[in-house]
Each structure stands twice: as structure tokens, then as C-alpha cells.
2 protein chains.
Amino acid sequence: MARLLIANCFTDELAGDSVRLPQAHLQTAAASSHLLLWFARDGDTVVLPVEPEPELLAYVTKMTRTDAATLRLLVPPPGQSGTALLTGERLGDAEFREELRKTLDGEPVETILSLTPDAAVASLARFLGAEDAVPGYGFVSQGGGTLVNSKAAFRAVAAGAGVPLPEGAVCTNRQDAEDAIMELLDAGHPVMLKRDYACGGLGNEILTPVSGVEPVGAGRILEVRDRAAVREYLEDRWLWLTNQEHYPAVIERYFPDSRAIFVEYLIDDHGAVFSQQGEMLSAPVANAQVIPSPQLEAGPLAVLATAGGRLCESLRSLGYRGFFCADAIVTPDGDVRFTEYNGRITGSTHIYTVIGGHVVGPDYAKDRILVEYCGWPVPSFSAAVERLDESGLAYDAQTRTGVVIAKAYSHADGTIRYCVVAEDLAAAGRIHDRVESLFV
Amino acid sequence: MARLLIANCFTDELAGDSVRLPQAHLQTAAASSHLLLWFARDGDTVVLPVEPEPELLAYVTKMTRTDAATLRLLVPPPGQSGTALLTGERLGDAEFREELRKTLDGEPVETILSLTPDAAVASLARFLGAEDAVPGYGFVSQGGGTLVNSKAAFRAVAAGAGVPLPEGAVCTNRQDAEDAIMELLDAGHPVMLKRDYACGGLGNEILTPVSGVEPVGAGRILEVRDRAAVREYLEDRWLWLTNQEHYPAVIERYFPDSRAIFVEYLIDDHGAVFSQQGEMLSAPVANAQVIPSPQLEAGPLAVLATAGGRLCESLRSLGYRGFFCADAIVTPDGDVRFTEYNGRITGSTHIYTVIGGHVVGPDYAKDRILVEYCGWPVPSFSAAVERLDESGLAYDAQTRTGVVIAKAYSHADGTIRYCVVAEDLAAAGRIHDRVESLFV
């Protein structure tokens with residue numbers, strides 16, 4: 001029985017018309033798509049938007065003890081938006097589909113693992129007669145992936161499940177948005193504005209009535225003093241906030257000095273199982289994550305785990321199956337408020353599932369901590385591998401500590417992400433400092 | 001404890017920018033909003049977009065044995081789109097809110113009944129400190145009403161719940177739509193195209209590969225022979241289908257000669273209760289409904305009731321509470337396929353709940369049938385009432401048969417809707433013929 005992996009980061013359903021996406025987004029998506037290689041096992045067929053660097057493939061498969069020679073990698077012909085994304089157009093390409101069919105050579109497909117639940121994946125499964133291989137096939141085939149990755153739908157579902165939320169609103173028109181913002185500003189609160197579909201804080205901005213607020217998880221912060229200033233802001237940003245009025249805008253109270261925690265689950269036919277939790281460190285947009293979060297108190301953790309479980313139940317009853325992540329903040333008072341959900345493989349999933357559970361071993365969370373750092377400027381992927389080896393900083397299976405490169409080289413900004421495995425956060429910090437000096 | 005009724009037909013959330021709606025839509029919505037008067041009880045406070053005709057108010061309250069003098073009717077100041085809709089702008093008007101507060105005079109609001117679940121209603125409830133009075137307040141306050149009235153979300157939720165659907169897809173781009181249409185046409189099937197938010201078949205069109213197909217529930221039918229014709233059709237209609245690319249388009253197989261059945265439920269904290277079923281008769285767009293459907297076989301009815309119940313469970317776990325209607329077709333082979341859902345008070349709810357259950361009496365469905373006919377051209381509402389009285393066709397509580405005017409006079413087309421209460425469909429047809437001759 002065959003396994004088919006589909007590296008579809010940024011689908012048409014979630015990102016809209018890919019031809020209009022900025023070049024940097026496309027490059028980031030292409031690099032992110034290669035995360036799926038961490039999940040590959042011997043004999044898998046892997047569909048990618050673009051060929052991985054041979055050094056990346058060799059590196060990842062060595063870490064996961066997979067025989068790269070047994071993998072069958074397929075890249076469909078380029079689409080209208082090039083080679084960065086696995087769009088519906090590319091997954092539907094007749095020539096690619098025939099090649100895939102030939103590659104599978106009559107072997108039935110038992111599992112289809114995709115980064116993102118997307119109707120185009122369901123359509124490909126239908127072509128292969130492998131509907132049962134897609135978790136939650138029916139739901140995904142009719143665009144359900146959009147519901148489990150929408151920041152707007154999230155607020156309705158979370159409120160419906162009694163999950164604690166920051167005060168706020170989901171707004172389809174500018175007047176409502178203005179009113180919702182003013183209600184929060186008048187109460188003295190900063191306001192986070194979110195685009196419905198966007199990642200890593202890049203779709204977020206903060207308005208604040210007072211100065212000195214640290215923006216965490218947002219690309220921009222603005223001081224606004226009155227309704228006129230809010231109106232002017234919306235005049236300028238409403239079309240951006242709503243993706244040209246394609247989606248509603250999310251408006252919510254921003255809690256300064258909060259911690260950003262995520263909880264991950266796996267949802268299947270029988271229920272939802274808690275997988276792991278972690279913390280995002282931002283300055284101002286996501287630049288590191290710690291798994292598990294080392295200083296999460298039992299009180300907030302219990303709230304996070306149970307409320308996250310209620311979200312899972314809601315999505316499970318909708319028909320969603322697969323990896324699930326809920327993001328929340330823990331305020332300085334210890335209050336928990338949920339801020340979004342992601343029904344897909346996230347940028348954390350391979351860290352704890354594969355680098356943690358498989359490379360470091362099942363006990364990874366007991367005596368080790370995984371800290372992924374973003375944005376290490378390196379000349380190339382292979383230079384980074386080489387330098388880590390030479391310096392003795394590379395991951396060592398004997399000590400169960402060291403550095404694992406976590407992601408493909410990003411041509412958008414010439415950096416890579418790496419995961420430090422260490423005894424604790426302080427030890428990880430020391431390794432981080434040595435890594436960042438390697439090319440200085 | 002006060003009851004507050006809010007006659008918000010066509011909300012901002014579901015209809016988009018009301019300023020852009022055609023005049024006829026606005027007039028229809030205004031007339032439809034007055035349906036809520038059927039639900040009014042002594043002492044209720046009723047918020048309406050526009051004052052009802054005094055004759056309508058007198059007629060409805062006489063039928064429901066409500067003391068009209070005890071009702072407190074409020075109409076907020078006109079909004080940017082005039083007086084047809086209760087938009088968020090109008091429900092948020094400061095002057096109106098103060099008047100409402102004065103009207104309630106400190107009496108706590110126990111129940112808020114609105115035609116449509118809408119964040120603007122939740123906002124008004126918050127202003128009154130009456131969040132608990134809104135069924136599913138949390139869900140509604142964050143835009144959940146859009147999820148339970150979307151034809152696109154419907155297909156994902158229904159597929160996720162294992163509810164039978166016509167083959168088809170939810171498409172966010174024109175290429176996917178073209179492919180999904182061709183897949184059906186190539187199999188020899190006509191195709192129904194649906195706008196995400198639209199009522200009464202007015203957002204639907206049919207493409208057929210063969211001639212002689214009767215369009216039921218669609219405003220238009222076109223013969224298309226090949227992909228070029230489909231491409232041309234989409235060139236012409238894509239922006240209309242997607243409401244200027246605000247929403248996805250729904251594409252589904254059209255089954256000619258099917259019956260259109262709806263099943264209604266009431267969803268609360270404890271579960272969902274089946275309320276009633278009925279049949280839409282269309283030629284080509286909805287022009288009559290029969291409650292209960294007289295010739296629905298036990299087999300399809302069992303499928304309808306149980307699959308409808310599964311949809312209810314999905315929406316209940318999302319947090320929706322209130323009236324719920326699922327539409328389905330029964331094909332000539334007796335197959336059941338669900339086609340949309342509506343989480344709101346529909347154009348059927350007052351027929352069986354009030355005209356059936358209250359006017360005719362709790363046993364209405366045992367020995368009577370309710371048939372609502374649309375589009376009776378009359379000079380005025382009061383002329384229709386008078387003529388029905390004179391002719392002896394008006395509803396008679398002794399015989400439990402006759403005609404009940406079901407809806408306000410429509411200034412869009414100079415017609416009214418009326419409901420015939422009769423022993424069976426044939427008897428209703430005879431009354432219908434006599435009614436339609438009254439002004440000829």
C-alpha cells in the first residue's frame with residue numbers, strides 16, 4: 001500500500017489568486033513546502049512544487065533514517081504562478097496525473113498526507129480512486145479547509161464552543177469595523193487587526209490609544225487618538241485588511257506583555273488527542289518557538305488543553321480530520337484567550353513530531369527542549385551544514401543535544417531556520433549564540 | 001420579563017453592502033421582514049425596518065389573537081440604504097437605542113427573537129445587557145450567522161457529516177469552476193450554479209448539455225455543448241456568480257424532475273427537534289409550498305429526517321441555536337440529496353409554527369394541509385382581505401379551512417402570498433382557483 005505526500009503550502013483556497021501574491025511570499029511558500037520531507041518514509045511518493053536542493057533531501061532523510069533512494073519525488077509542470085505553489089491547476093495537470101499514476105504502478109494508495117486540507121487534493125485523490133486515503137475527504141472536497149483555517153470562522157466557532165476569546169468582532173463592513181475598534185479604544189485597550197488568511201503575524205497590525213505598547217505578533221503598530229484617526233486608518237487599510245473585500249476583518253483586543261502559546265492535537269474518527277504545546281517568541285513577528293514551553297503554569301495549561309479540546313470537538317463534528325493547532329495568549333494575569341486556529345500541518349508540527357519524537361526520541365519532551373530559531377543568515381544550505389559539523393554544534397545522537405536544520409534555505413531572505421535541542425532554555429541560548437557567530 | 005423581536009431580513013452579513021442591492025430586492029426584504037409579526041405576543045417590543053400597514057398589523061394580530069394595542073413597535077431612523085433593511089447601522093443608531101431603552105423601561109429582556117442570526121443583533125443585546133436572551137449569543141456575535149446560511153459552507157459541513165449531496169464542488173476560482181462544470185457535463189448531467197448567499201432560486205442558473213430540461217429552482221437555463229461554451233458562460237457570469245469575487249460559487253449536479261423538500265428543526269442547548277417538512281413547488285422559481293408534503297414516502301422521509309438531524313448536530317456543536325431548515329431533493333428514483341441549509345427563520349417557519357400550530361391548532365398536520373401560493377396580484381392588502389371575506393373564502397375557524405393572507409403586500413410586484421388551509425391538495429387547488437379569479 002502506497003503513501004502519497006503532497007507539499008501544498010499556501011493553497012488557492014487559502015491564499016486566493018496566486019498570480020497576485022508577492023514574490024517573497026511565493027519563495028517562502030516554496031521553502032515551507034519542503035517541510036513535508038520530514039514526514040517521508042521509505043517508499044513514499046512525494047509531490048513537491050519544486051525540486052528540493054539535493055543537500056536538503058540528503059540532510060533530512062539522513063536525520064530521519066529514511067532511504068532517500070526509495071523516495072519517488074514528482075514535480076508537476078509549472079502553473080500560471082510559476083513553481084512556488086502546488087495550485088489546483090498544477091495538481092490537475094493531465095501530464096502530471098498520468099506520471100503519478102505510472103509511478104504508483106497500480107499500488108493502492110492507503111494514505112494521502114498533505115500540508116493543507118484542500119479541495120485540489122481531494123480531486124487528485126478522486127482521480128486515483130483513493131478518496132478513503134484523505135482524512136475527512138468529504139469535508140475537504142467541498143472546501144472545508146477554508147473553514148478550519150479562517151480567523152473569522154475561528155471566532156464564531158470558538159465563541160460557540162465557549163472558548164475564551166479576546167473581546168472583539170468579525171467585520172464585513174468598514175462602519176462596523178470602526179465601531180468595534182472604537183469600543184475597544186474607548187475602554188483604553190490596544191486593538192489587533194487581522195486579515196482573515198495570513199501567517200506568522202504578517203497579516204496583523206495594532207492600533208493603540210497609548211504609547212509604549214510592544215507589538216508582538218504584528219507587523220506594525222500605530223498610535224490613534226480618536227475616531228477621526230481610526231477612520232483615516234481604515235480609509236487607508238480597509239482593502240488590505242479584507243483582501244480587497246474578499247474576506248471579513250478580525251478586530252480584537254490586544255493584551256500587551258502576553259505570552260503566545262500554541263496547543264496541537266491530532267483529530268481522527270474517534271476523537272482528538274493532545275500532541276504538544278509550545279511558545280512563540282516574537283520581536284515583533286515570529287522569530288523563535290520553544291517546545292514544550294518551559295514555564296507554562298499548570299493553571300493556564302489546563303485551560304489551554306481543555307478549551308483546545310473543545311475546539312477539536314467542534315471541528316471533528318464538522319468533519320475535519322488531521323493535524324490541528326490552536327493559538328492562544330496567556331496574559332500577565334494568567335488569563336487564557338484563544339486567538340486563532342489552523343487545521344493543517346503548521347510550522348511546529350514537524351518539530352515535535354519528527355525532530356522531537358523521531359530524531360531525539362519518544363522521551364524528547366522529558367529531559368530536552370526544542371527551540372527553533374528563524375532567520376539565520378547563511379551563504380547556502382550546504383555551507384550551514386558543513387559549518388555546524390565542523391564546529392561540533394550539529395545534533396549528536398549520543399548526547400541528544402545540538403543543532404538540527406529545520407527548513408530549506410529561504411531564497412526570499414537568504415536565511416535558514418534551525419532547531420536547537422538542549423537540556424533547557426539557557427543551554428539552548430548558549431548554542432544559539434555560538435551558531436549565529438559561525439558566519440560572522 | 002420582556003420579549004424583543006427584531007425583523008432583520010437580509011442582513012449586512014448575508015447580503016453584503018445594502019446600498020448596492022437592487023430596489024426590488026429591498027422592497028421584497030421589507031415585506032418579508034413583517035413576517036415576524038406572526039410571532040408577536042401580547043406586550044412584545046417589535047423592531048421593524050419600516051412601519052407595517054395598519055391593515056396588516058390588524059389582520060395578523062386578529063388571526064393570532066394578539067392584542068395589537070399592547071405591542072410596542074419601533075422603527076430606527078433610516079440608514080444609508082433607506083428603510084427596507086434593519087442594517088447594523090440602523091440597529092446601532094444612538095437615538096434608536098435610547099428610545100428602545102426607554103420603551104423597555106428597565107424591564108429585563110428575556111428573549112430576543114430575530115429573523116436572522118446577525119452580529120448586529122448580538123451588539124444590540126450587549127447594549128441592553130441581554131446577551132443571554134440571544135440564542136447562541138457567542139456564535140452569533142462573531143459572525144456565525146454567515147456560516148449557517150452559506151451555500152458553500154453548507155457543502156463542506158454536509159459532506160463532513162456524511163449527508164448525501166449532489167456531485168459538485170465549491171469553487172474560489174474560475175478555472176476550478178470550469179473543470180467542475182465540465183466533469184458533470186461530460187458525464188451527461190445538467191449543472192446547477194449557485195451564488196453563495198441568495199434566496200428562492202434567484203441566485204441559481206442551470207447549464208445543460210441536452211435540451212428539454214425543465215429548470216426548477218433556477219432563474220435561467222442555458223444549453224452548453226462544450227468547454228468553449230462553458231468558458232464563455234463563466235466569462236460573462238463569474239463576477240455575478242461570486243458576487244464580485246466576494247464569495248465562492250457552488251457547482252452541483254442538477255437532477256431534473258426531482259421534488260424539492262425541506263425539513264425544519266429547532267436547535268437548542270439540549271439537542272435538535274424535528275419540527276415539520278414541506279415541499280416547494282416551482283415554475284421555475286419558488287411559487288408555492290405545501291406543508292406537510294402530502295406524498296412523501298416513508299423511505300425518503302426517514303433519510304431526510306435523520307440526515308437533517310446530523311446537520312443539526314454539526315451546527316449545534318458549532319454553537320448555533322434557533323430555527324433551522326435543510327433543503328433537499330428527492331430524485332425520480334427516490335434518492336435524497338441535500339442542497340442547502342438556512343439557519344434562520346425561513347419563509348416556511350411562520351406557516352407551520354403560527355398559521356398551522358396556533359391558528360389552525362396543534363393537530364393542523366393530521367387532517368389539514370397548508371399550501372402557500374405566491375404572486376397573487378391584488379390592488380392592495382385591504383382589498384384582498386375584504387374580497388376574501390365577501391367571497392366566503394377567508395379562513396373559518398369552525399371548518400378549519402380557508403385562506404389566510406401570509407405576508408405583507410409586496411410593492412415590488414403588487415402581489416401578496418396567501419396560505420390555503422384545506423383537507424387535501426386537491427381541495428386547496430380548488431380554493432386557489434377561486435381566489436385567483438377574485439380580481440379578474
# chains A, B, ... in the order shown; residues from 1 in each chain; ligands from 1

$ interface_residues --of "chain A" --to "chain B" --cutoff "7 Å" --atoms "only C-alpha atoms" --output "short mmCIF file (atom, residue, chain, number, x, y, z; two decimals) with all heavy atoms, in the first residue's frame"
data_model
loop_
_atom_site.label_atom_id
_atom_site.label_comp_id
_atom_site.auth_asym_id
_atom_site.auth_seq_id
_atom_site.Cartn_x
_atom_site.Cartn_y
_atom_site.Cartn_z
N GLU A 13 -7.27 27.97 -2.15
CA GLU A 13 -8.40 28.24 -1.26
C GLU A 13 -8.03 29.24 -0.17
O GLU A 13 -8.83 30.08 0.21
CB GLU A 13 -8.88 26.94 -0.61
CG GLU A 13 -9.65 26.05 -1.56
CD GLU A 13 -10.18 24.79 -0.88
OE1 GLU A 13 -9.81 24.53 0.28
OE2 GLU A 13 -10.95 24.09 -1.53
N GLY A 136 -10.93 12.93 6.36
CA GLY A 136 -12.04 13.87 6.20
C GLY A 136 -12.30 14.23 4.75
O GLY A 136 -12.61 15.38 4.43
N GLY A 138 -14.71 14.00 2.54
CA GLY A 138 -15.93 14.71 2.14
C GLY A 138 -15.84 16.19 2.46
O GLY A 138 -16.08 17.06 1.62
N PHE A 139 -15.46 16.47 3.68
CA PHE A 139 -15.35 17.84 4.17
C PHE A 139 -14.33 18.63 3.33
O PHE A 139 -14.60 19.74 2.87
CB PHE A 139 -14.92 17.79 5.64
CG PHE A 139 -14.76 19.11 6.31
CD1 PHE A 139 -15.88 19.89 6.63
CD2 PHE A 139 -13.51 19.58 6.67
CE1 PHE A 139 -15.73 21.10 7.28
CE2 PHE A 139 -13.36 20.80 7.32
CZ PHE A 139 -14.49 21.56 7.63
N VAL A 140 -13.17 18.02 3.12
CA VAL A 140 -12.11 18.70 2.37
C VAL A 140 -12.52 18.92 0.91
O VAL A 140 -12.24 19.97 0.32
CB VAL A 140 -10.80 17.87 2.44
CG1 VAL A 140 -9.73 18.47 1.53
CG2 VAL A 140 -10.29 17.82 3.88
N GLN A 142 -15.22 19.65 -0.36
CA GLN A 142 -16.17 20.75 -0.58
C GLN A 142 -15.67 22.04 0.06
O GLN A 142 -16.46 22.89 0.51
CB GLN A 142 -17.56 20.36 -0.05
CG GLN A 142 -18.13 19.12 -0.71
CD GLN A 142 -18.22 19.25 -2.24
OE1 GLN A 142 -18.55 20.31 -2.76
NE2 GLN A 142 -17.92 18.17 -2.94
N GLY A 143 -14.38 22.19 0.14
CA GLY A 143 -13.82 23.47 0.59
C GLY A 143 -13.77 23.63 2.10
O GLY A 143 -13.59 24.75 2.59
N GLY A 144 -13.93 22.54 2.85
CA GLY A 144 -13.92 22.65 4.30
C GLY A 144 -12.61 23.20 4.86
O GLY A 144 -12.59 23.80 5.93
N ARG A 155 -13.40 32.69 15.20
CA ARG A 155 -14.02 33.42 16.32
C ARG A 155 -15.46 32.95 16.57
O ARG A 155 -15.90 32.85 17.72
CB ARG A 155 -13.95 34.93 16.10
CG ARG A 155 -12.57 35.50 16.44
CD ARG A 155 -12.54 37.02 16.48
NE ARG A 155 -13.39 37.63 17.48
CZ ARG A 155 -13.00 37.95 18.72
NH1 ARG A 155 -11.77 37.70 19.13
NH2 ARG A 155 -13.85 38.52 19.55
N ALA A 156 -16.19 32.65 15.48
CA ALA A 156 -17.56 32.16 15.66
C ALA A 156 -17.56 30.78 16.31
O ALA A 156 -18.31 30.52 17.25
CB ALA A 156 -18.29 32.13 14.31
N VAL A 157 -16.70 29.90 15.81
CA VAL A 157 -16.66 28.53 16.32
C VAL A 157 -16.20 28.53 17.78
O VAL A 157 -16.77 27.84 18.64
CB VAL A 157 -15.71 27.66 15.46
CG1 VAL A 157 -15.51 26.29 16.08
CG2 VAL A 157 -16.27 27.54 14.04
N ALA A 159 -16.35 31.02 19.99
CA ALA A 159 -17.39 31.59 20.85
C ALA A 159 -18.52 30.58 21.04
O ALA A 159 -19.04 30.41 22.15
CB ALA A 159 -17.94 32.88 20.24
N GLY A 160 -18.85 29.85 19.98
CA GLY A 160 -19.91 28.84 20.07
C GLY A 160 -19.54 27.70 20.99
O GLY A 160 -20.40 27.08 21.62
N ALA A 161 -18.24 27.41 21.10
CA ALA A 161 -17.79 26.31 21.96
C ALA A 161 -17.49 26.80 23.37
O ALA A 161 -17.03 26.01 24.21
CB ALA A 161 -16.55 25.66 21.35
N ALA A 169 -14.59 41.52 17.33
CA ALA A 169 -15.65 41.31 16.35
C ALA A 169 -15.07 40.85 15.03
O ALA A 169 -13.88 40.99 14.76
CB ALA A 169 -16.43 42.61 16.15
N VAL A 170 -15.97 40.29 14.21
CA VAL A 170 -15.65 39.91 12.84
C VAL A 170 -16.45 40.84 11.95
O VAL A 170 -17.68 40.85 12.03
CB VAL A 170 -16.05 38.45 12.58
CG1 VAL A 170 -15.80 38.08 11.13
CG2 VAL A 170 -15.31 37.52 13.53
N THR A 172 -17.64 42.71 8.36
CA THR A 172 -17.73 42.64 6.91
C THR A 172 -17.85 44.03 6.28
O THR A 172 -17.84 44.13 5.07
CB THR A 172 -18.95 41.80 6.49
OG1 THR A 172 -20.10 42.30 7.18
CG2 THR A 172 -18.76 40.34 6.84
N GLU A 245 -11.76 43.28 0.05
CA GLU A 245 -13.13 42.95 0.45
C GLU A 245 -13.53 41.51 0.10
O GLU A 245 -14.71 41.22 -0.04
CB GLU A 245 -14.13 43.96 -0.12
CG GLU A 245 -13.86 45.37 0.43
CD GLU A 245 -15.05 46.31 0.35
OE1 GLU A 245 -15.67 46.35 -0.72
OE2 GLU A 245 -15.34 46.97 1.36
N HIS A 246 -12.56 40.61 -0.04
CA HIS A 246 -12.89 39.20 -0.23
C HIS A 246 -13.26 38.54 1.09
O HIS A 246 -14.04 37.59 1.11
CB HIS A 246 -11.69 38.44 -0.81
CG HIS A 246 -11.57 38.57 -2.29
ND1 HIS A 246 -11.58 39.79 -2.91
CD2 HIS A 246 -11.45 37.65 -3.27
CE1 HIS A 246 -11.46 39.61 -4.22
NE2 HIS A 246 -11.38 38.32 -4.46
N SER A 314 -15.57 20.56 18.05
CA SER A 314 -16.39 21.30 17.08
C SER A 314 -15.94 20.98 15.65
O SER A 314 -16.77 20.71 14.78
CB SER A 314 -16.29 22.80 17.32
OG SER A 314 -16.84 23.14 18.58
N SER A 317 -16.82 17.45 14.60
CA SER A 317 -18.22 17.23 14.23
C SER A 317 -18.53 17.88 12.88
O SER A 317 -19.48 17.50 12.21
CB SER A 317 -19.16 17.71 15.33
OG SER A 317 -19.36 19.08 15.21
N LEU A 318 -17.71 18.84 12.46
CA LEU A 318 -17.86 19.38 11.11
C LEU A 318 -17.35 18.41 10.06
O LEU A 318 -17.72 18.50 8.89
CB LEU A 318 -17.07 20.68 10.95
CG LEU A 318 -17.67 21.96 11.51
CD1 LEU A 318 -16.83 23.14 11.06
CD2 LEU A 318 -19.11 22.14 11.03
N GLY A 319 -16.46 17.52 10.48
CA GLY A 319 -15.93 16.56 9.51
C GLY A 319 -14.45 16.70 9.26
O GLY A 319 -13.88 15.99 8.44
N TYR A 320 -13.78 17.61 10.00
CA TYR A 320 -12.34 17.76 9.80
C TYR A 320 -11.57 16.65 10.48
O TYR A 320 -11.91 16.23 11.59
CB TYR A 320 -11.85 19.13 10.32
CG TYR A 320 -10.36 19.27 10.17
CD1 TYR A 320 -9.78 19.33 8.91
CD2 TYR A 320 -9.51 19.29 11.28
CE1 TYR A 320 -8.41 19.42 8.75
CE2 TYR A 320 -8.13 19.38 11.13
CZ TYR A 320 -7.58 19.43 9.86
OH TYR A 320 -6.23 19.50 9.70
#

$ select_by_dssp --residues "segment 30-258 of chain A" --states "helix (DSSP H, G or I)" --output "PyMOL selection string"
chain A and resi 30-39+54-64+68-70+88-91+94-104+119-127+131-133+137-141+144-147+151-160+174-186+227-241

$ closest_residue --among "A:Thr116, A:Glu183, A:Leu71, A:Ala24" --to "Asn8 of chain A" --atoms "only C-alpha atoms"
A:Thr116

$ atom_distance --atom1 "atom CA of Ala228 of chain B" --atom2 "atom CA of His189 of chain B"
17.2 Å

$ atom_distance --atom1 "atom CA of Leu36 of chain B" --atom2 "atom CA of Val403 of chain B"
19.2 Å

$ residues_around --residues "Ala305 of chain A" --least-positions-apart "4" --cutoff "12 Å" --atoms "only C-alpha atoms" --output "list in words"
Val163, Ile261, Phe262, Val263, Glu264, Tyr265, Ala272, Val273, Phe274, Ser275, Gln276, Gln277, Gly278, Leu296, Ala298, Gly299, Pro300, Leu301, Gly309, Arg310, Leu311, Cys312, Cys325, Ala326, Asp327, Ala328, Val336 and Phe338 of chain A

$ residues_around --residues "Ala428 of chain A" --least-positions-apart "2" --cutoff "10 Å" --atoms "only C-alpha atoms" --output "ChimeraX atom specification"
/A:290,368-372,401-403,419-426,430-433

$ residues_around --residues "segment 230-239 of chain B" --least-positions-apart "5" --cutoff "8 Å" --atoms "only C-alpha atoms" --output "ChimeraX atom specification"
/B:174,178,181-182,224,244-245

$ write_last_selection --atoms "all heavy atoms" --output "PDB file, in the first residue's frame"
ATOM      1  N   ARG B 174     -12.074  30.655 -11.272  1.00  0.00           N
ATOM      2  CA  ARG B 174     -12.820  30.346 -12.477  1.00  0.00           C
ATOM      3  C   ARG B 174     -12.362  29.045 -13.133  1.00  0.00           C
ATOM      4  O   ARG B 174     -13.159  28.314 -13.709  1.00  0.00           O
ATOM      5  CB  ARG B 174     -12.661  31.509 -13.455  1.00  0.00           C
ATOM      6  CG  ARG B 174     -13.848  31.678 -14.358  1.00  0.00           C
ATOM      7  CD  ARG B 174     -13.551  32.623 -15.499  1.00  0.00           C
ATOM      8  NE  ARG B 174     -13.424  33.999 -15.044  1.00  0.00           N
ATOM      9  CZ  ARG B 174     -13.208  35.018 -15.870  1.00  0.00           C
ATOM     10  NH1 ARG B 174     -13.111  34.815 -17.173  1.00  0.00           N
ATOM     11  NH2 ARG B 174     -13.077  36.232 -15.392  1.00  0.00           N
ATOM     12  N   GLU B 178     -14.668  25.913 -14.061  1.00  0.00           N
ATOM     13  CA  GLU B 178     -14.761  25.355 -15.418  1.00  0.00           C
ATOM     14  C   GLU B 178     -14.561  23.832 -15.376  1.00  0.00           C
ATOM     15  O   GLU B 178     -15.325  23.075 -15.979  1.00  0.00           O
ATOM     16  CB  GLU B 178     -13.705  26.020 -16.300  1.00  0.00           C
ATOM     17  CG  GLU B 178     -13.715  25.546 -17.738  1.00  0.00           C
ATOM     18  CD  GLU B 178     -12.548  26.154 -18.524  1.00  0.00           C
ATOM     19  OE1 GLU B 178     -12.336  27.388 -18.425  1.00  0.00           O
ATOM     20  OE2 GLU B 178     -11.837  25.393 -19.210  1.00  0.00           O
ATOM     21  N   ILE B 181     -17.546  22.063 -13.706  1.00  0.00           N
ATOM     22  CA  ILE B 181     -18.711  22.038 -14.605  1.00  0.00           C
ATOM     23  C   ILE B 181     -18.506  20.990 -15.699  1.00  0.00           C
ATOM     24  O   ILE B 181     -19.398  20.190 -15.994  1.00  0.00           O
ATOM     25  CB  ILE B 181     -18.932  23.438 -15.232  1.00  0.00           C
ATOM     26  CG1 ILE B 181     -19.373  24.440 -14.163  1.00  0.00           C
ATOM     27  CG2 ILE B 181     -19.970  23.365 -16.348  1.00  0.00           C
ATOM     28  CD1 ILE B 181     -19.344  25.900 -14.623  1.00  0.00           C
ATOM     29  N   MET B 182     -17.308  20.983 -16.279  1.00  0.00           N
ATOM     30  CA  MET B 182     -17.044  20.038 -17.375  1.00  0.00           C
ATOM     31  C   MET B 182     -17.144  18.592 -16.912  1.00  0.00           C
ATOM     32  O   MET B 182     -17.631  17.729 -17.650  1.00  0.00           O
ATOM     33  CB  MET B 182     -15.658  20.299 -17.976  1.00  0.00           C
ATOM     34  CG  MET B 182     -15.574  21.537 -18.856  1.00  0.00           C
ATOM     35  SD  MET B 182     -16.894  21.668 -20.106  1.00  0.00           S
ATOM     36  CE  MET B 182     -16.593  20.176 -21.094  1.00  0.00           C
ATOM     37  N   VAL B 224     -25.295  24.283 -23.130  1.00  0.00           N
ATOM     38  CA  VAL B 224     -23.879  24.454 -23.473  1.00  0.00           C
ATOM     39  C   VAL B 224     -23.366  23.127 -24.015  1.00  0.00           C
ATOM     40  O   VAL B 224     -23.656  22.061 -23.473  1.00  0.00           O
ATOM     41  CB  VAL B 224     -23.033  24.877 -22.245  1.00  0.00           C
ATOM     42  CG1 VAL B 224     -23.311  26.309 -21.863  1.00  0.00           C
ATOM     43  CG2 VAL B 224     -23.274  23.964 -21.070  1.00  0.00           C
ATOM     44  N   GLN B 244     -19.043  39.530  -7.261  1.00  0.00           N
ATOM     45  CA  GLN B 244     -17.791  40.284  -7.481  1.00  0.00           C
ATOM     46  C   GLN B 244     -16.601  39.637  -6.758  1.00  0.00           C
ATOM     47  O   GLN B 244     -15.778  40.323  -6.167  1.00  0.00           O
ATOM     48  CB  GLN B 244     -17.931  41.757  -7.035  1.00  0.00           C
ATOM     49  CG  GLN B 244     -19.200  42.455  -7.491  1.00  0.00           C
ATOM     50  CD  GLN B 244     -19.401  42.402  -8.992  1.00  0.00           C
ATOM     51  OE1 GLN B 244     -18.487  42.644  -9.751  1.00  0.00           O
ATOM     52  NE2 GLN B 244     -20.613  42.030  -9.425  1.00  0.00           N
ATOM     53  N   GLU B 245     -16.565  38.303  -6.812  1.00  0.00           N
ATOM     54  CA  GLU B 245     -15.483  37.532  -6.178  1.00  0.00           C
ATOM     55  C   GLU B 245     -15.424  37.694  -4.658  1.00  0.00           C
ATOM     56  O   GLU B 245     -14.384  37.470  -4.046  1.00  0.00           O
ATOM     57  CB  GLU B 245     -14.125  37.838  -6.823  1.00  0.00           C
ATOM     58  CG  GLU B 245     -14.114  37.440  -8.298  1.00  0.00           C
ATOM     59  CD  GLU B 245     -12.734  37.244  -8.883  1.00  0.00           C
ATOM     60  OE1 GLU B 245     -11.876  38.099  -8.640  1.00  0.00           O
ATOM     61  OE2 GLU B 245     -12.519  36.232  -9.575  1.00  0.00           O
TER      62      GLU B 245
END

$ closest_residue --among "B:Tyr352, B:Tyr254, B:Phe127, B:Tyr395" --to "Leu184 of chain B" --atoms "only C-alpha atoms"
B:Tyr254

$ select_by_dssp --residues "segment 178-269 of chain A" --states "strand (DSSP E or B)" --output "NGL selection string"
:A and (191-194 or 204-208 or 221-223 or 249-253 or 259-268)

$ residues_around --residues "His411 of chain B" --least-positions-apart "5" --cutoff "9 Å" --atoms "only C-alpha atoms" --output "ChimeraX atom specification"
/B:24,27-28,31

$ atom_distance --atom1 "atom CA of Arg225 of chain B" --atom2 "atom CA of Pro209 of chain B"
5.6 Å

$ residues_around --residues "segment 385-394 of chain B" --least-positions-apart "3" --cutoff "12 Å" --atoms "only C-alpha atoms" --output "PyMOL selection string"
chain B and resi 55-56+58-60+63+378-382+397-409+416-422+428+430-440

$ closest_residue --among "B:Ser410, B:Gln295, B:Thr208, B:Thr11" --to "Leu85 of chain B" --atoms "only C-alpha atoms"
B:Thr11

$ closest_residue --among "B:Leu193, B:Cys9, B:Val216, B:Ile206" --to "Val121 of chain B" --atoms "only C-alpha atoms"
B:Cys9
